[in-house]
Each structure stands twice: as C-alpha cells, then as structure tokens.
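Shown next, in structure tokens, is the structure this report addresses.
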Amino acid sequence: PSSAASDVYKRQPIVIEAEAVVHRPDEWYVEAASRGDREAFDQLVRRHQQGVINAAAYYLGHQEDALEVAQESFLKAYRSLKGFKGRASFRTWLLRITLNTARSFHAHRQAIKRSGTTATISISAASEEEDRGGLELNDSSGDPHRLLERKELQQLIEDAIRSLDDRARRIIILRDILGESYQAIADEEGLTLGTVKTRVHRARLELREIIGDFL
C-alpha cells in the first residue's frame, strides 16, 4: 500500500465519536480527497464510519472483525477515489466496497477453518408494494423479560441474515439494515429497479421461512 494511504489510517483510527455536522456534500470531500487533501478524507471517514462498521458487523457477526473490515474498506476506498464515477452516492459506493471486503474476509476465515440495534426486519411484507422501510423498532418497555426476548430475537435475526447466500445477504443489509433506497442499490449494483425489488422481496421471504415461527 502507498505510504500516503497508510498514513491516513495511522492518523485516523476507526473510532465512533460525536462530530459537528459539516454541511458540505460528500462529493465535495471526495473531489478534495482525490486531489490529496487528507483532511477531506478524514471527514468522510468520520461521517460514514458508523454505517460501514454496522454493515460489516451484520455480515460477519463479530465486532472486532467488523472493525478490521471497516479499516480495510476505508483504505480501499481511499486508493480508489479516482475511480468513483458517481453513479450512486458515495455512501452506497462505500458500502458496496465494505460488503465485498467482508465477503472476502469471511471466505478467508472459512478457508483457514477448513484447513486446520434491536431490530426486526419487515419480513412480513407479502409484496414489494407493502414495503414500509425495512427496520421496525418496536418494544420500548423496560420489562426485563421483554428485553431478554428482544435480545434473543435480535440474535436470531442476525444469525438468519448470515445464513442467506451472499447475494441475498448483501441486499437485505443494504436495504433493511442500512436503509439504502431501491434506486441507490440498483444504480451501484448495475441492476434494474425491478430486479432489486424482486431480490429484496425474495430475501425477506427466505428470512420469514427461517424465523417466522419465532415472531
């Protein structure tokens, strides 16, 4: 890796922290960072690090692994800034890099093994037209039994997501966990809008098959 790219990550570790909102679009920082402005890329890291870590965590199931993947994803994004075409938003482009990196990380871990928010997903939607936005946070009571049930259900959902094939897992994470629009997913993945809606619908039905009896 280039020393410039490496220096960015020595200076800017992945740390979740409060940050004052800077009202400039991502594209402004992308353009500045592609000209070598490290502070501009630092701002992109601060702005998107939570979403990147969440995507990796849902894909992999382990926070420490997610942090490692997030670090690598930002490094890959930094190296590839000049290849950002703006077909979709920078966020969607970055999340695609993150999920690809998570997939490679998972495959590598599986090869090694062989050799030696409380959320419920809208899997009850019977059709694409009934989609109301993916995540539903329901019980806000402080009852310890209810909280335990929610924690167990959250773990069940995460395990179910990771049991999906890669294509279904990616699209559920992008749409229902991270809230990306159908159009943004279609633009970045090079798919038609109808194909994206169909894949989301099918993935939700798969999840319903897995965990429907527990809901």
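Chain labels A, B, ... are given in the sequence in which chains occur in the structure tokens; within each chain residues are numbered consecutively from 1, and ligands are likewise numbered from 1 in the order shown.
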For Leu94 (chain A), find every residue with an atom within 8 Å (counting only C-alpha atoms), except residues of its own chain fewer than 3 positions away, and show them as a PDB file with all heavy atoms, in the first residue's frame.
ATOM      1  N   VAL A  52     -20.444   1.949   7.951  1.00  0.00           N
ATOM      2  CA  VAL A  52     -19.515   0.931   7.458  1.00  0.00           C
ATOM      3  C   VAL A  52     -19.342  -0.179   8.495  1.00  0.00           C
ATOM      4  O   VAL A  52     -19.381  -1.368   8.174  1.00  0.00           O
ATOM      5  CB  VAL A  52     -18.161   1.578   7.105  1.00  0.00           C
ATOM      6  CG1 VAL A  52     -17.060   0.528   6.938  1.00  0.00           C
ATOM      7  CG2 VAL A  52     -18.291   2.402   5.826  1.00  0.00           C
ATOM      8  N   SER A  73     -11.737  -1.379   4.428  1.00  0.00           N
ATOM      9  CA  SER A  73     -12.668  -0.805   3.450  1.00  0.00           C
ATOM     10  C   SER A  73     -12.358   0.664   3.193  1.00  0.00           C
ATOM     11  O   SER A  73     -12.385   1.120   2.038  1.00  0.00           O
ATOM     12  CB  SER A  73     -14.110  -0.963   3.944  1.00  0.00           C
ATOM     13  OG  SER A  73     -14.444  -2.323   4.082  1.00  0.00           O
ATOM     14  N   PHE A  74     -12.076   1.406   4.245  1.00  0.00           N
ATOM     15  CA  PHE A  74     -11.719   2.807   4.051  1.00  0.00           C
ATOM     16  C   PHE A  74     -10.400   2.945   3.297  1.00  0.00           C
ATOM     17  O   PHE A  74     -10.232   3.851   2.475  1.00  0.00           O
ATOM     18  CB  PHE A  74     -11.655   3.546   5.394  1.00  0.00           C
ATOM     19  CG  PHE A  74     -12.996   3.986   5.894  1.00  0.00           C
ATOM     20  CD1 PHE A  74     -13.526   3.449   7.052  1.00  0.00           C
ATOM     21  CD2 PHE A  74     -13.738   4.937   5.206  1.00  0.00           C
ATOM     22  CE1 PHE A  74     -14.776   3.854   7.527  1.00  0.00           C
ATOM     23  CE2 PHE A  74     -14.977   5.344   5.662  1.00  0.00           C
ATOM     24  CZ  PHE A  74     -15.502   4.802   6.826  1.00  0.00           C
ATOM     25  N   ALA A  77     -11.196   2.335  -0.275  1.00  0.00           N
ATOM     26  CA  ALA A  77     -11.905   3.486  -0.830  1.00  0.00           C
ATOM     27  C   ALA A  77     -10.944   4.628  -1.118  1.00  0.00           C
ATOM     28  O   ALA A  77     -11.041   5.290  -2.161  1.00  0.00           O
ATOM     29  CB  ALA A  77     -13.007   3.935   0.137  1.00  0.00           C
ATOM     30  N   PHE A  90     -21.800   8.421  -2.756  1.00  0.00           N
ATOM     31  CA  PHE A  90     -20.546   7.940  -2.186  1.00  0.00           C
ATOM     32  C   PHE A  90     -20.826   6.908  -1.097  1.00  0.00           C
ATOM     33  O   PHE A  90     -20.126   5.898  -0.989  1.00  0.00           O
ATOM     34  CB  PHE A  90     -19.747   9.110  -1.593  1.00  0.00           C
ATOM     35  CG  PHE A  90     -18.520   8.677  -0.843  1.00  0.00           C
ATOM     36  CD1 PHE A  90     -17.363   8.294  -1.521  1.00  0.00           C
ATOM     37  CD2 PHE A  90     -18.516   8.620   0.548  1.00  0.00           C
ATOM     38  CE1 PHE A  90     -16.234   7.864  -0.834  1.00  0.00           C
ATOM     39  CE2 PHE A  90     -17.386   8.196   1.242  1.00  0.00           C
ATOM     40  CZ  PHE A  90     -16.243   7.829   0.545  1.00  0.00           C
ATOM     41  N   ARG A  91     -21.861   7.134  -0.290  1.00  0.00           N
ATOM     42  CA  ARG A  91     -22.210   6.198   0.787  1.00  0.00           C
ATOM     43  C   ARG A  91     -22.508   4.809   0.239  1.00  0.00           C
ATOM     44  O   ARG A  91     -22.002   3.803   0.755  1.00  0.00           O
ATOM     45  CB  ARG A  91     -23.412   6.721   1.577  1.00  0.00           C
ATOM     46  CG  ARG A  91     -23.851   5.814   2.727  1.00  0.00           C
ATOM     47  CD  ARG A  91     -25.026   6.433   3.465  1.00  0.00           C
ATOM     48  NE  ARG A  91     -25.367   5.672   4.672  1.00  0.00           N
ATOM     49  CZ  ARG A  91     -26.237   4.671   4.711  1.00  0.00           C
ATOM     50  NH1 ARG A  91     -26.866   4.305   3.603  1.00  0.00           N
ATOM     51  NH2 ARG A  91     -26.487   4.053   5.846  1.00  0.00           N
ATOM     52  N   ILE A  97     -18.135  -1.484  -1.295  1.00  0.00           N
ATOM     53  CA  ILE A  97     -16.750  -1.870  -1.003  1.00  0.00           C
ATOM     54  C   ILE A  97     -16.698  -2.642   0.314  1.00  0.00           C
ATOM     55  O   ILE A  97     -16.014  -3.662   0.440  1.00  0.00           O
ATOM     56  CB  ILE A  97     -15.850  -0.623  -0.943  1.00  0.00           C
ATOM     57  CG1 ILE A  97     -15.666  -0.026  -2.339  1.00  0.00           C
ATOM     58  CG2 ILE A  97     -14.483  -0.955  -0.318  1.00  0.00           C
ATOM     59  CD1 ILE A  97     -14.900   1.281  -2.360  1.00  0.00           C
ATOM     60  N   THR A  98     -17.425  -2.150   1.308  1.00  0.00           N
ATOM     61  CA  THR A  98     -17.426  -2.786   2.629  1.00  0.00           C
ATOM     62  C   THR A  98     -17.945  -4.222   2.560  1.00  0.00           C
ATOM     63  O   THR A  98     -17.338  -5.139   3.126  1.00  0.00           O
ATOM     64  CB  THR A  98     -18.286  -1.967   3.608  1.00  0.00           C
ATOM     65  OG1 THR A  98     -17.779  -0.633   3.683  1.00  0.00           O
ATOM     66  CG2 THR A  98     -18.285  -2.594   4.996  1.00  0.00           C
TER      67      THR A  98
END
_Surrounding residues of region 195-202 of chain A excluding itself and chain neighbours under 2 positions, 7 Å, only C-alpha atoms, as a ChimeraX atom specification_ = /A:127-128,168,171-172,182,186,191-193,204-206
Okay, now the selection with N, CA and C atoms, as a tab-separated table (two decimals), in the first residue's frame?
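This went into part-v2.tsv:
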chain	number	residue	atom	x	y	z
A	127	SER	N	-45.66	-8.40	-0.28
A	127	SER	CA	-45.28	-7.99	-1.62
A	127	SER	C	-44.39	-6.78	-1.53
A	128	GLU	N	-43.75	-6.42	-2.68
A	128	GLU	CA	-42.87	-5.26	-2.68
A	128	GLU	C	-43.64	-3.98	-2.37
A	168	ALA	N	-28.35	-12.51	-1.41
A	168	ALA	CA	-29.50	-12.13	-0.58
A	168	ALA	C	-29.04	-11.38	0.66
A	171	ILE	N	-28.14	-7.70	-0.17
A	171	ILE	CA	-29.26	-6.81	-0.50
A	171	ILE	C	-30.13	-6.52	0.72
A	172	ILE	N	-30.26	-7.49	1.62
A	172	ILE	CA	-31.01	-7.26	2.86
A	172	ILE	C	-30.27	-6.27	3.76
A	182	TYR	N	-34.06	1.68	-2.93
A	182	TYR	CA	-34.01	0.72	-4.03
A	182	TYR	C	-33.21	1.28	-5.21
A	186	ALA	N	-29.83	-0.17	-6.98
A	186	ALA	CA	-29.86	-0.51	-8.40
A	186	ALA	C	-28.74	0.19	-9.15
A	191	LEU	N	-28.11	-2.94	-11.54
A	191	LEU	CA	-29.32	-3.74	-11.72
A	191	LEU	C	-30.50	-2.83	-12.05
A	192	THR	N	-31.55	-3.41	-12.61
A	192	THR	CA	-32.77	-2.65	-12.80
A	192	THR	C	-33.49	-2.49	-11.46
A	193	LEU	N	-34.32	-1.48	-11.37
A	193	LEU	CA	-35.07	-1.24	-10.15
A	193	LEU	C	-35.97	-2.44	-9.83
A	204	ARG	N	-36.47	-11.43	1.88
A	204	ARG	CA	-37.35	-11.31	3.05
A	204	ARG	C	-38.17	-12.60	3.24
A	205	LEU	N	-38.61	-13.18	2.13
A	205	LEU	CA	-39.35	-14.43	2.24
A	205	LEU	C	-38.47	-15.54	2.80
A	206	GLU	N	-37.19	-15.56	2.40
A	206	GLU	CA	-36.26	-16.55	2.95
A	206	GLU	C	-36.12	-16.37	4.46
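For the atom pair formed by CA of Ala88 (chain A) and CA of Asp165 (chain A), the distance is 24.1 Å, given to one decimal.
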*Please provide the set of residues having any atom within 12 Å of Trp93 (chain A), restricted to only C-alpha atoms, with same-chain residues fewer than 4 positions apart removed, written as an NGL selection string.*
:A and (26-27 or 30 or 48 or 52 or 73-74 or 76-77 or 80-81 or 83-89 or 97-100 or 174 or 180 or 184-190)
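Here CA of Ile53 (chain A) stands at a distance of 13.9 Å from CA of Phe105 (chain A).
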